[in-house]
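The next block is structure.csv, given as CSV, C-alpha atoms.
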```
chain,number,residue,atom,x,y,z
X,1232,MET,CA,-97.0,123.8,-40.8
X,1233,PRO,CA,-96.4,123.5,-37.0
X,1234,GLU,CA,-93.0,124.9,-36.1
X,1235,GLU,CA,-92.2,121.7,-34.1
X,1236,LEU,CA,-92.5,119.5,-37.2
X,1237,GLN,CA,-88.9,118.7,-38.0
X,1238,ALA,CA,-86.6,115.8,-39.0
X,1239,ALA,CA,-85.3,113.8,-36.0
X,1240,PRO,CA,-83.3,110.7,-35.5
X,1241,ALA,CA,-84.9,107.4,-36.4
X,1242,VAL,CA,-87.0,105.9,-33.6
X,1243,PRO,CA,-84.7,103.2,-32.1
X,1244,GLN,CA,-87.3,100.5,-31.8
X,1245,VAL,CA,-89.2,98.2,-34.1
X,1246,GLN,CA,-92.5,99.6,-35.3
X,1247,ALA,CA,-95.5,98.2,-37.2
X,1248,SER,CA,-97.1,100.2,-40.0
X,1249,ALA,CA,-99.0,99.5,-43.2
X,1250,HIS,CA,-99.4,100.8,-46.7
X,1251,GLY,CA,-102.3,103.1,-47.6
X,1252,PRO,CA,-105.1,100.9,-49.0
X,1253,MET,CA,-107.8,99.7,-46.5
X,1254,PRO,CA,-111.0,97.8,-47.1
X,1255,GLY,CA,-114.5,99.4,-47.2
X,1256,THR,CA,-115.7,102.9,-47.9
X,1257,ASP,CA,-116.0,104.5,-44.4
X,1258,PRO,CA,-112.9,106.6,-43.6
X,1259,MET,CA,-113.6,106.8,-39.9
X,1260,GLU,CA,-113.9,103.1,-39.6
X,1261,SER,CA,-110.5,102.7,-41.2
X,1262,VAL,CA,-108.9,105.4,-39.1
X,1263,LEU,CA,-110.2,103.8,-35.9
X,1264,VAL,CA,-109.0,100.4,-36.9
X,1265,ILE,CA,-105.5,101.7,-37.9
X,1266,ARG,CA,-105.0,103.8,-34.8
X,1267,GLY,CA,-106.5,101.1,-32.6
X,1268,GLU,CA,-104.1,98.4,-33.8
X,1269,ILE,CA,-100.9,100.2,-34.8
X,1270,GLY,CA,-101.2,103.5,-33.0
X,1271,ALA,CA,-98.3,104.8,-30.8
X,1272,PRO,CA,-95.7,103.5,-30.3
X,1273,ASN,CA,-96.2,102.1,-33.8
X,1274,LEU,CA,-96.6,104.2,-36.9
X,1275,PRO,CA,-100.3,104.7,-38.0
X,1276,HIS,CA,-101.0,105.9,-41.5
X,1277,LEU,CA,-103.5,108.0,-43.5
X,1278,PRO,CA,-105.7,105.4,-45.2
X,1279,GLU,CA,-106.8,105.1,-48.8
X,1280,LEU,CA,-110.2,103.6,-49.7
X,1281,PRO,CA,-110.0,102.4,-53.3
X,1282,GLU,CA,-113.3,100.6,-52.9
X,1283,ARG,CA,-115.0,104.0,-52.9
X,1284,GLY,CA,-114.4,104.0,-56.6
X,1285,VAL,CA,-112.9,106.4,-59.1
X,1286,GLY,CA,-110.7,109.0,-57.6
X,1287,SER,CA,-109.9,106.9,-54.5
X,1288,ASP,CA,-107.4,104.8,-56.4
X,1289,ALA,CA,-103.7,105.4,-55.8
X,1290,ILE,CA,-103.1,107.1,-59.2
X,1291,GLY,CA,-106.2,109.3,-58.9
X,1292,ARG,CA,-105.2,110.4,-55.4
X,1293,GLY,CA,-101.6,110.8,-56.3
X,1294,ALA,CA,-102.5,113.0,-59.2
X,1295,GLN,CA,-104.2,115.4,-56.8
X,1296,LEU,CA,-100.8,116.2,-55.3
X,1297,LEU,CA,-99.5,117.7,-58.6
X,1298,GLU,CA,-98.9,121.4,-58.5
X,1299,ASP,CA,-100.1,123.4,-61.5
X,1300,LEU,CA,-101.0,120.2,-63.4
X,1301,ALA,CA,-104.5,118.9,-63.8
X,1302,VAL,CA,-106.0,115.6,-64.8
X,1303,ASP,CA,-109.2,114.2,-66.1
X,1304,LEU,CA,-110.4,110.6,-66.4
X,1305,GLN,CA,-110.6,108.9,-69.8
X,1306,PRO,CA,-111.6,105.3,-70.7
X,1307,TYR,CA,-107.9,104.4,-70.7
X,1308,GLY,CA,-107.0,106.1,-67.4
X,1309,TRP,CA,-106.1,109.4,-65.9
X,1310,ARG,CA,-104.9,112.0,-68.5
X,1311,LEU,CA,-103.0,115.3,-68.0
X,1312,ALA,CA,-105.5,118.1,-68.9
X,1313,ALA,CA,-105.9,121.8,-69.0
X,1314,ALA,CA,-108.4,121.8,-66.1
X,1315,PRO,CA,-109.5,119.1,-63.6
X,1316,GLY,CA,-112.4,116.9,-64.7
X,1317,ILE,CA,-115.3,116.1,-62.4
X,1318,ASP,CA,-113.6,112.8,-61.3
X,1319,ALA,CA,-110.5,114.7,-60.3
X,1320,ARG,CA,-112.6,117.1,-58.3
X,1321,ARG,CA,-114.2,114.1,-56.6
X,1322,ALA,CA,-110.7,112.7,-55.8
X,1323,ALA,CA,-109.6,116.0,-54.3
X,1324,SER,CA,-112.8,116.1,-52.2
X,1325,ALA,CA,-112.3,112.5,-51.0
X,1326,LEU,CA,-108.7,113.4,-49.9
X,1327,ARG,CA,-109.9,116.4,-48.0
X,1328,THR,CA,-112.6,114.3,-46.3
X,1329,ASP,CA,-110.0,111.7,-45.3
X,1330,LEU,CA,-107.8,114.3,-43.7
X,1331,ASN,CA,-110.7,115.9,-41.9
X,1332,VAL,CA,-111.7,112.5,-40.5
X,1333,LEU,CA,-108.2,111.7,-39.4
X,1334,SER,CA,-107.9,115.1,-37.7
X,1335,ASP,CA,-111.2,114.6,-35.9
X,1336,ALA,CA,-110.1,111.1,-34.7
X,1337,ILE,CA,-106.7,112.3,-33.5
X,1338,GLY,CA,-108.4,115.3,-31.7
X,1339,ALA,CA,-110.6,112.9,-29.8
X,1340,GLU,CA,-107.7,110.7,-28.5
X,1341,GLU,CA,-106.2,111.3,-25.0
X,1342,ALA,CA,-102.7,110.2,-26.1
X,1343,PRO,CA,-102.6,110.4,-29.9
X,1344,GLY,CA,-98.8,110.1,-30.3
X,1345,THR,CA,-96.6,112.3,-32.4
X,1346,GLU,CA,-96.0,110.2,-35.5
X,1347,LEU,CA,-97.9,109.7,-38.7
X,1348,LYS,CA,-97.1,108.0,-42.1
X,1349,ILE,CA,-98.4,109.2,-45.5
X,1350,GLN,CA,-97.9,107.5,-48.8
X,1351,PHE,CA,-98.4,108.3,-52.5
X,1352,PRO,CA,-97.1,107.1,-55.9
X,1353,GLY,CA,-93.7,108.4,-56.8
X,1354,PRO,CA,-92.7,110.2,-60.1
X,1355,ALA,CA,-91.8,107.0,-62.0
X,1356,THR,CA,-95.1,105.4,-61.2
X,1357,LEU,CA,-97.2,108.5,-61.9
X,1358,ALA,CA,-95.4,109.1,-65.2
X,1359,ALA,CA,-96.1,105.4,-66.1
X,1360,ASN,CA,-99.8,105.7,-65.3
X,1361,LEU,CA,-100.8,109.2,-66.4
X,1362,TYR,CA,-101.4,109.8,-70.1
X,1363,LEU,CA,-100.8,112.7,-72.5
X,1364,HIS,CA,-103.5,114.4,-74.5
X,1365,HIS,CA,-102.9,112.0,-77.5
X,1366,GLY,CA,-103.3,109.0,-75.3
X,1367,GLU,CA,-99.7,107.8,-74.7
X,1368,ARG,CA,-98.1,107.4,-71.3
X,1369,ALA,CA,-96.5,110.5,-69.9
X,1370,VAL,CA,-93.2,108.6,-69.3
X,1371,SER,CA,-92.8,108.3,-73.1
X,1372,ASP,CA,-92.0,112.1,-73.3
X,1373,HIS,CA,-88.9,113.5,-71.6
X,1374,GLY,CA,-90.3,116.9,-71.1
X,1375,ALA,CA,-93.6,115.6,-69.7
X,1376,ARG,CA,-91.9,113.3,-67.2
X,1377,ARG,CA,-89.6,116.1,-66.1
X,1378,ASP,CA,-92.5,118.4,-65.5
X,1379,LEU,CA,-94.4,115.7,-63.6
X,1380,ALA,CA,-91.4,115.1,-61.3
X,1381,GLN,CA,-91.1,118.8,-60.6
X,1382,SER,CA,-94.8,119.2,-60.1
X,1383,LEU,CA,-94.9,116.3,-57.6
X,1384,ALA,CA,-92.0,117.7,-55.6
X,1385,LEU,CA,-93.9,120.9,-55.2
X,1386,GLY,CA,-97.2,119.4,-54.5
X,1387,ALA,CA,-95.8,116.8,-52.0
X,1388,VAL,CA,-94.6,119.6,-49.9
X,1389,ARG,CA,-98.0,121.2,-49.9
X,1390,HIS,CA,-99.6,117.9,-48.9
X,1391,LEU,CA,-97.1,117.3,-46.1
X,1392,GLN,CA,-97.7,120.8,-44.8
X,1393,SER,CA,-101.5,120.2,-44.9
X,1394,VAL,CA,-101.2,116.9,-43.1
X,1395,ALA,CA,-99.0,118.3,-40.4
X,1396,ARG,CA,-101.2,121.3,-39.9
X,1397,MET,CA,-104.5,119.4,-39.7
X,1398,THR,CA,-103.3,116.5,-37.6
X,1399,GLY,CA,-100.8,118.2,-35.3
X,1400,ALA,CA,-98.3,115.4,-36.0
X,1401,GLU,CA,-94.8,116.3,-35.1
X,1402,ARG,CA,-93.1,113.6,-37.1
X,1403,VAL,CA,-94.5,112.7,-40.5
X,1404,THR,CA,-92.8,109.9,-42.5
X,1405,VAL,CA,-93.4,110.0,-46.2
X,1406,TYR,CA,-93.4,106.7,-48.1
X,1407,ILE,CA,-92.9,107.0,-51.9
X,1408,ASP,CA,-94.5,104.0,-53.6
X,1409,GLU,CA,-92.9,103.0,-56.8
X,1410,PRO,CA,-94.4,99.7,-58.0
X,1411,ASP,CA,-93.7,100.6,-61.7
X,1412,ALA,CA,-90.2,101.9,-61.3
X,1413,GLY,CA,-88.7,98.6,-62.4
X,1414,ALA,CA,-90.7,98.6,-65.7
X,1415,VAL,CA,-89.7,102.2,-66.3
X,1416,LEU,CA,-86.0,101.4,-65.7
X,1417,ASN,CA,-86.0,98.3,-67.8
X,1418,GLY,CA,-88.1,99.5,-70.7
X,1419,THR,CA,-90.7,96.8,-70.2
X,1420,LEU,CA,-93.7,99.1,-69.8
X,1421,PRO,CA,-96.1,98.6,-72.7
X,1422,THR,CA,-97.3,101.5,-74.8
X,1423,ALA,CA,-100.9,102.5,-74.7
X,1424,SER,CA,-101.6,100.3,-77.7
X,1425,GLY,CA,-99.9,97.3,-76.2
X,1426,TYR,CA,-98.0,96.5,-79.4
X,1427,ARG,CA,-94.6,97.5,-78.2
X,1428,THR,CA,-92.7,98.7,-75.1
X,1429,LEU,CA,-91.5,102.2,-74.2
X,1430,ARG,CA,-87.9,103.1,-74.1
X,1431,ALA,CA,-86.1,102.6,-70.8
X,1432,VAL,CA,-85.5,105.6,-68.6
X,1433,PRO,CA,-81.9,105.8,-67.3
X,1434,ALA,CA,-81.3,105.2,-63.6
X,1435,ALA,CA,-79.6,108.7,-63.4
X,1436,GLU,CA,-82.8,110.4,-64.5
X,1437,ILE,CA,-84.9,108.4,-62.0
X,1438,ARG,CA,-82.3,109.3,-59.3
X,1439,GLY,CA,-82.8,112.9,-60.2
X,1440,TRP,CA,-86.6,112.7,-59.8
X,1441,TRP,CA,-86.2,111.0,-56.4
X,1442,SER,CA,-83.5,113.4,-55.2
X,1443,GLU,CA,-85.6,116.4,-56.0
X,1444,LEU,CA,-88.6,114.9,-54.2
X,1445,ALA,CA,-86.6,113.8,-51.2
X,1446,ASP,CA,-84.8,117.2,-50.9
X,1447,SER,CA,-88.1,119.0,-51.1
X,1448,LEU,CA,-89.7,116.9,-48.4
X,1449,HIS,CA,-86.7,117.0,-46.1
X,1450,GLY,CA,-86.7,120.8,-46.5
X,1451,ALA,CA,-90.3,120.9,-45.5
X,1452,GLY,CA,-89.7,119.0,-42.3
X,1453,ALA,CA,-90.4,115.3,-43.2
X,1454,ALA,CA,-89.1,113.1,-40.4
X,1455,ALA,CA,-88.1,110.5,-43.0
X,1456,VAL,CA,-88.5,109.8,-46.7
X,1457,VAL,CA,-88.8,106.1,-47.7
X,1458,ILE,CA,-88.8,104.7,-51.2
X,1459,GLY,CA,-90.4,101.4,-51.9
X,1460,ALA,CA,-90.0,99.9,-55.4
X,1461,ASP,CA,-91.3,96.5,-56.6
X,1462,ALA,CA,-89.1,94.7,-59.2
X,1463,GLU,CA,-87.4,91.5,-59.9
X,1464,PRO,CA,-84.4,91.0,-57.6
X,1465,GLY,CA,-81.6,92.3,-59.9
X,1466,THR,CA,-83.6,95.4,-60.8
X,1467,TRP,CA,-84.7,95.9,-57.2
X,1468,THR,CA,-81.1,96.1,-56.1
X,1469,LYS,CA,-80.3,98.7,-58.7
X,1470,LEU,CA,-83.4,100.7,-57.7
X,1471,ALA,CA,-82.6,100.5,-54.0
X,1472,THR,CA,-79.1,101.7,-54.6
X,1473,THR,CA,-80.5,104.6,-56.7
X,1474,ALA,CA,-82.9,105.5,-53.9
X,1475,LEU,CA,-80.2,105.6,-51.3
X,1476,GLU,CA,-78.0,107.7,-53.6
X,1477,ALA,CA,-81.0,110.1,-54.0
X,1478,GLY,CA,-81.2,110.7,-50.3
X,1479,ALA,CA,-83.9,108.3,-49.1
X,1480,ASP,CA,-83.8,107.6,-45.3
X,1481,GLY,CA,-85.3,104.1,-45.8
X,1482,LEU,CA,-86.1,101.4,-48.2
X,1483,GLY,CA,-89.2,99.3,-48.7
X,1484,ALA,CA,-88.9,95.6,-49.6
X,1485,ASN,CA,-90.9,92.4,-49.3
X,1486,ALA,CA,-89.1,89.7,-47.4
X,1487,ALA,CA,-90.4,86.9,-49.7
X,1488,SER,CA,-88.7,88.4,-52.8
X,1489,LEU,CA,-85.3,89.3,-51.3
X,1490,THR,CA,-82.3,87.4,-52.4
X,1491,VAL,CA,-78.8,87.3,-50.8
X,1492,PRO,CA,-77.6,90.4,-52.7
X,1493,GLY,CA,-80.7,92.3,-51.6
X,1494,TRP,CA,-80.3,91.4,-48.0
X,1495,GLU,CA,-76.6,92.4,-48.2
X,1496,LEU,CA,-77.5,95.8,-49.6
X,1497,LEU,CA,-80.1,96.3,-46.9
X,1498,ALA,CA,-77.6,95.2,-44.2
X,1499,ALA,CA,-75.1,97.9,-45.4
X,1500,ALA,CA,-78.0,100.4,-45.5
X,1501,VAL,CA,-79.0,99.6,-41.9
X,1502,GLU,CA,-75.4,99.9,-40.7
X,1503,SER,CA,-75.3,103.4,-42.3
X,1504,GLY,CA,-78.5,104.4,-40.4
X,1505,SER,CA,-81.3,103.7,-42.9
X,1506,ARG,CA,-84.5,102.1,-41.9
X,1507,LEU,CA,-86.0,99.0,-43.6
X,1508,TRP,CA,-89.7,98.8,-44.2
X,1509,LEU,CA,-90.1,95.1,-44.4
X,1510,GLY,CA,-93.2,93.5,-45.9
X,1511,CYS,CA,-93.3,90.4,-43.8
X,1512,LEU,CA,-96.9,89.3,-43.8
X,1513,ASP,CA,-99.0,88.1,-46.7
X,1514,ALA,CA,-102.5,89.4,-45.8
X,1515,ALA,CA,-104.2,86.8,-48.0
X,1516,ALA,CA,-102.5,83.8,-46.2
X,1517,ASN,CA,-102.8,82.6,-42.7
X,1518,PRO,CA,-100.4,84.7,-40.7
X,1519,PRO,CA,-97.6,82.9,-38.9
X,1520,GLY,CA,-97.4,82.9,-35.1
X,1521,VAL,CA,-95.3,85.4,-33.3
X,1522,VAL,CA,-92.4,83.0,-32.6
X,1523,GLU,CA,-92.3,81.7,-36.2
X,1524,ALA,CA,-92.4,85.3,-37.6
X,1525,VAL,CA,-89.7,86.6,-35.3
X,1526,ASN,CA,-87.4,83.6,-36.2
X,1527,ALA,CA,-88.0,84.2,-39.9
X,1528,ILE,CA,-87.0,87.8,-39.6
X,1529,ARG,CA,-84.0,87.2,-37.3
X,1530,ARG,CA,-82.6,84.4,-39.5
X,1531,PRO,CA,-81.2,86.5,-42.3
X,1532,TRP,CA,-80.4,89.3,-39.8
X,1533,ARG,CA,-78.1,86.9,-37.9
X,1534,GLN,CA,-76.7,85.5,-41.1
X,1535,LEU,CA,-75.7,89.0,-42.2
X,1536,GLY,CA,-73.9,89.6,-38.9
X,1537,LEU,CA,-76.3,92.3,-37.8
X,1538,PRO,CA,-76.8,92.5,-34.0
X,1539,ASP,CA,-80.2,92.3,-32.3
X,1540,ALA,CA,-79.7,95.9,-31.2
X,1541,ALA,CA,-80.0,96.9,-34.8
X,1542,LEU,CA,-83.5,95.5,-35.1
X,1543,GLY,CA,-84.8,98.9,-34.3
X,1544,ALA,CA,-84.2,99.8,-37.9
X,1545,LEU,CA,-87.2,97.7,-38.9
X,1546,VAL,CA,-90.7,98.9,-39.7
X,1547,LEU,CA,-92.9,95.8,-40.2
X,1548,THR,CA,-95.7,96.0,-42.9
X,1549,PRO,CA,-98.0,93.8,-44.8
X,1550,ALA,CA,-96.6,92.7,-48.2
X,1551,GLY,CA,-99.2,94.9,-49.9
X,1552,GLY,CA,-102.4,96.9,-49.3
X,1553,LEU,CA,-105.3,95.6,-47.4
X,1554,GLU,CA,-108.1,96.5,-49.8
X,1555,GLY,CA,-110.3,93.6,-50.7
X,1556,LEU,CA,-110.1,92.1,-47.2
X,1557,SER,CA,-112.9,92.1,-44.7
X,1558,PRO,CA,-112.6,94.7,-42.0
X,1559,ALA,CA,-112.2,92.0,-39.5
X,1560,ARG,CA,-109.3,90.4,-41.5
X,1561,ALA,CA,-107.6,93.8,-41.9
X,1562,THR,CA,-107.9,94.4,-38.2
X,1563,ALA,CA,-106.3,91.0,-37.5
X,1564,VAL,CA,-103.4,91.6,-39.9
X,1565,LEU,CA,-102.5,95.0,-38.3
X,1566,GLY,CA,-102.8,93.5,-34.8
X,1567,ARG,CA,-100.6,90.6,-35.7
X,1568,LEU,CA,-97.9,93.0,-37.1
X,1569,ALA,CA,-98.1,94.9,-33.8
X,1570,SER,CA,-97.4,91.7,-31.9
X,1571,TYR,CA,-94.4,90.9,-34.1
X,1572,ALA,CA,-93.0,94.4,-33.5
X,1573,GLU,CA,-93.5,94.0,-29.7
X,1574,ALA,CA,-91.8,90.6,-29.7
X,1575,LEU,CA,-88.8,91.9,-31.7
X,1576,ASN,CA,-88.4,94.8,-29.4
X,1577,GLN,CA,-88.2,92.4,-26.5
X,1578,VAL,CA,-85.5,90.5,-28.4
X,1579,ARG,CA,-83.7,93.7,-29.1
X,1580,VAL,CA,-83.7,94.7,-25.4
X,1581,ASP,CA,-82.8,91.3,-24.2
X,1582,GLY,CA,-80.0,90.9,-26.8
```
Whole structure, structure tokens version:
Amino acid sequence: MPEELQAAPAVPQVQASAHGPMPGTDPMESVLVIRGEIGAPNLPHLPELPERGVGSDAIGRGAQLLEDLAVDLQPYGWRLAAAPGIDARRAASALRTDLNVLSDAIGAEEAPGTELKIQFPGPATLAANLYLHHGERAVSDHGARRDLAQSLALGAVRHLQSVARMTGAERVTVYIDEPDAGAVLNGTLPTASGYRTLRAVPAAEIRGWWSELADSLHGAGAAAVVIGADAEPGTWTKLATTALEAGADGLGANAASLTVPGWELLAAAVESGSRLWLGCLDAAANPPGVVEAVNAIRRPWRQLGLPDAALGALVLTPAGGLEGLSPARATAVLGRLASYAEALNQVRVDG
């Protein structure tokens, strides 16, 4: 890892970024779109291309980060195995290709910037979607989910180091994606058979997984560790509190699903120095104009008593991945986010 890669204070301006998935199967096309629309001073990301097929899905790619644990693909999903199957080897090859392409693209830029964002499934989501040898979800077994969390913490460091070395990025933000953490916490995740649900995992155990991962990434020089969890409002608030207690530097949330308690929690987090990764654009709908979007973001901000100067805590993202869109549509979405960020920065300066 470059010696200059180290944690630093949060960038005091609004930035645009996005989650991993992009449309199509050409990694160079995706990289050029991302870096063209949300390059510096925004926060470009390493793309995922799930339309390439098996191994380029989020779980298949996330499983490649596990240290000393292998997976193979079964009809019901990815399974922990003694040795990697052919699909797992393809997934690892695709990840190497994507990193090489990103490195080549950055090397060809005159002013590539110093920041990059990477994303992968967190320990709760991996444990919910990886299966044991007998076909049940790994999250059903205390020892298995503990081993997964420890393995991911080790492998995430290796991945961070590889990304930093290959791209030369000085500040790498790591976004931990936890779409299934709510189901794991509430005990609503179905068993493999679908006839019942698995037992809930205590919040303290999830906090331990996240704390181990965040500590490992911070120790390896991550500029920031962000945890984004999808859940119904009450559960999301509990998960967000758990993430902050675990040492996350930022939280991911979709504006459309936030309630008053959620906004209040985020306001307190912002005042304490955390960043808010706000999903503010539904990629499937017609995007609002700049004035409308800025007003929609500032409205709860003002109601909470937050000053315009604190808008720099925001990172604006789509509400989800961009897979399934046309390349032109994905380009337009990223460009619109960049325009929102620019407008909010003007408000922040003027305010």
Spatial neighbours of X:Ala1312, max dist 9 Å, all atoms listed in the file, sep filter under 3 positions, as a PyMOL selection string: chain X and resi 1300-1303+1315-1316+1363-1364
Please produce an output containing C-alpha atoms for each residue in the selection, written as an mmCIF file, in the coordinates of the input.
```
data_model
loop_
_atom_site.group_PDB
_atom_site.id
_atom_site.type_symbol
_atom_site.label_atom_id
_atom_site.label_comp_id
_atom_site.auth_asym_id
_atom_site.auth_seq_id
_atom_site.Cartn_x
_atom_site.Cartn_y
_atom_site.Cartn_z
ATOM 1 C CA LEU X 1300 -101.000 120.200 -63.400
ATOM 2 C CA ALA X 1301 -104.500 118.900 -63.800
ATOM 3 C CA VAL X 1302 -106.000 115.600 -64.800
ATOM 4 C CA ASP X 1303 -109.200 114.200 -66.100
ATOM 5 C CA PRO X 1315 -109.500 119.100 -63.600
ATOM 6 C CA GLY X 1316 -112.400 116.900 -64.700
ATOM 7 C CA LEU X 1363 -100.800 112.700 -72.500
ATOM 8 C CA HIS X 1364 -103.500 114.400 -74.500
#
```
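Near (-114.9, 108.2, -38.8), the residues that fall inside 9 Å on the basis of all atoms listed in the file are Asp1257, Pro1258, Met1259, Glu1260, Ser1261, Val1262, Leu1263, Asp1329, Val1332, Leu1333, Asp1335 and Ala1336 of chain X.
Our summary of the geometry notes that atom CA of X:Pro1492 is positioned 23.0 Å from atom CA of X:Val1456.
Comparing the minimum interatomic distances between X:Asn1576 and each of X:Thr1356, X:Thr1419, X:Ser1248, X:Asn1273, counting all atoms listed in the file, we find that X:Asn1273 sits nearest.
Residues with any atom within 7 Å of the point (-101.7, 105.7, -74.9), counting only C-alpha atoms, are Tyr1362, His1365, Gly1366, Glu1367, Arg1368, Thr1422, Ala1423 and Ser1424 of chain X.
Computed from the coordinates, the atom CA of X:Pro1519 to atom CA of X:Gly1481 distance equals 25.5 Å.
Comparing X:Asp1318, X:His1390, X:His1276, X:Ile1265 by their smallest distance to X:Asp1288, the closest is X:Asp1318 (using all atoms listed in the file).
Picture a line from atom CA of X:Leu1537 to atom CA of X:Asp1581; it runs 15.1 Å.
Minimum atom-to-atom distances from X:Gly1413, X:Pro1254, X:Gly1450, X:Gly1353 to X:Leu1383 were compared using all atoms listed in the file, and the lowest value belongs to X:Gly1353.
Each of X:Gly1493, X:Gly1284, X:Pro1278, X:Gly1520 was checked against X:Leu1326 using all atoms listed in the file; the smallest atom-to-atom distance is that of X:Pro1278.
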Considering all atoms listed in the file, state which residue in the set X:Asn1485, X:Thr1428, X:Ser1324, X:Ser1503 is at the smallest distance from X:Ile1528. X:Asn1485
Can you give me N, CA and C atoms for stretch 1321-1340 of chain X, written as an mmCIF file, in the coordinates of the input?
```
data_model
loop_
_atom_site.group_PDB
_atom_site.id
_atom_site.type_symbol
_atom_site.label_atom_id
_atom_site.label_comp_id
_atom_site.auth_asym_id
_atom_site.auth_seq_id
_atom_site.Cartn_x
_atom_site.Cartn_y
_atom_site.Cartn_z
ATOM 1 N N ARG X 1321 -113.720 115.090 -57.565
ATOM 2 C CA ARG X 1321 -114.200 114.100 -56.600
ATOM 3 C C ARG X 1321 -113.013 113.536 -55.796
ATOM 4 N N ALA X 1322 -111.926 113.255 -56.505
ATOM 5 C CA ALA X 1322 -110.700 112.700 -55.800
ATOM 6 C C ALA X 1322 -110.179 113.696 -54.832
ATOM 7 N N ALA X 1323 -110.124 114.975 -55.216
ATOM 8 C CA ALA X 1323 -109.600 116.000 -54.300
ATOM 9 C C ALA X 1323 -110.539 116.123 -53.080
ATOM 10 N N SER X 1324 -111.847 116.035 -53.302
ATOM 11 C CA SER X 1324 -112.800 116.100 -52.200
ATOM 12 C C SER X 1324 -112.648 114.921 -51.252
ATOM 13 N N ALA X 1325 -112.432 113.728 -51.815
ATOM 14 C CA ALA X 1325 -112.300 112.500 -51.000
ATOM 15 C C ALA X 1325 -111.002 112.657 -50.119
ATOM 16 N N LEU X 1326 -109.921 113.193 -50.677
ATOM 17 C CA LEU X 1326 -108.700 113.400 -49.900
ATOM 18 C C LEU X 1326 -108.926 114.361 -48.774
ATOM 19 N N ARG X 1327 -109.632 115.458 -49.038
ATOM 20 C CA ARG X 1327 -109.900 116.400 -48.000
ATOM 21 C C ARG X 1327 -110.774 115.773 -46.872
ATOM 22 N N THR X 1328 -111.737 114.959 -47.281
ATOM 23 C CA THR X 1328 -112.600 114.300 -46.300
ATOM 24 C C THR X 1328 -111.742 113.353 -45.423
ATOM 25 N N ASP X 1329 -110.836 112.593 -46.034
ATOM 26 C CA ASP X 1329 -110.000 111.700 -45.300
ATOM 27 C C ASP X 1329 -109.125 112.393 -44.269
ATOM 28 N N LEU X 1330 -108.589 113.526 -44.672
ATOM 29 C CA LEU X 1330 -107.800 114.300 -43.700
ATOM 30 C C LEU X 1330 -108.590 114.892 -42.607
ATOM 31 N N ASN X 1331 -109.777 115.363 -42.929
ATOM 32 C CA ASN X 1331 -110.700 115.900 -41.900
ATOM 33 C C ASN X 1331 -111.038 114.810 -40.873
ATOM 34 N N VAL X 1332 -111.357 113.617 -41.383
ATOM 35 C CA VAL X 1332 -111.700 112.500 -40.500
ATOM 36 C C VAL X 1332 -110.559 112.121 -39.618
ATOM 37 N N LEU X 1333 -109.371 112.033 -40.195
ATOM 38 C CA LEU X 1333 -108.200 111.700 -39.400
ATOM 39 C C LEU X 1333 -107.934 112.750 -38.338
ATOM 40 N N SER X 1334 -108.067 114.006 -38.717
ATOM 41 C CA SER X 1334 -107.900 115.100 -37.700
ATOM 42 C C SER X 1334 -108.868 114.990 -36.599
ATOM 43 N N ASP X 1335 -110.136 114.702 -36.918
ATOM 44 C CA ASP X 1335 -111.200 114.600 -35.900
ATOM 45 C C ASP X 1335 -110.844 113.405 -34.932
ATOM 46 N N ALA X 1336 -110.407 112.286 -35.521
ATOM 47 C CA ALA X 1336 -110.100 111.100 -34.700
ATOM 48 C C ALA X 1336 -108.921 111.380 -33.780
ATOM 49 N N ILE X 1337 -107.896 112.031 -34.295
ATOM 50 C CA ILE X 1337 -106.700 112.300 -33.500
ATOM 51 C C ILE X 1337 -107.114 113.319 -32.360
ATOM 52 N N GLY X 1338 -107.955 114.291 -32.691
ATOM 53 C CA GLY X 1338 -108.400 115.300 -31.700
ATOM 54 C C GLY X 1338 -109.167 114.665 -30.557
ATOM 55 N N ALA X 1339 -109.797 113.506 -30.798
ATOM 56 C CA ALA X 1339 -110.600 112.900 -29.800
ATOM 57 C C ALA X 1339 -109.778 111.905 -28.897
ATOM 58 N N GLU X 1340 -108.509 111.675 -29.246
ATOM 59 C CA GLU X 1340 -107.700 110.700 -28.500
ATOM 60 C C GLU X 1340 -106.990 111.425 -27.322
#
```
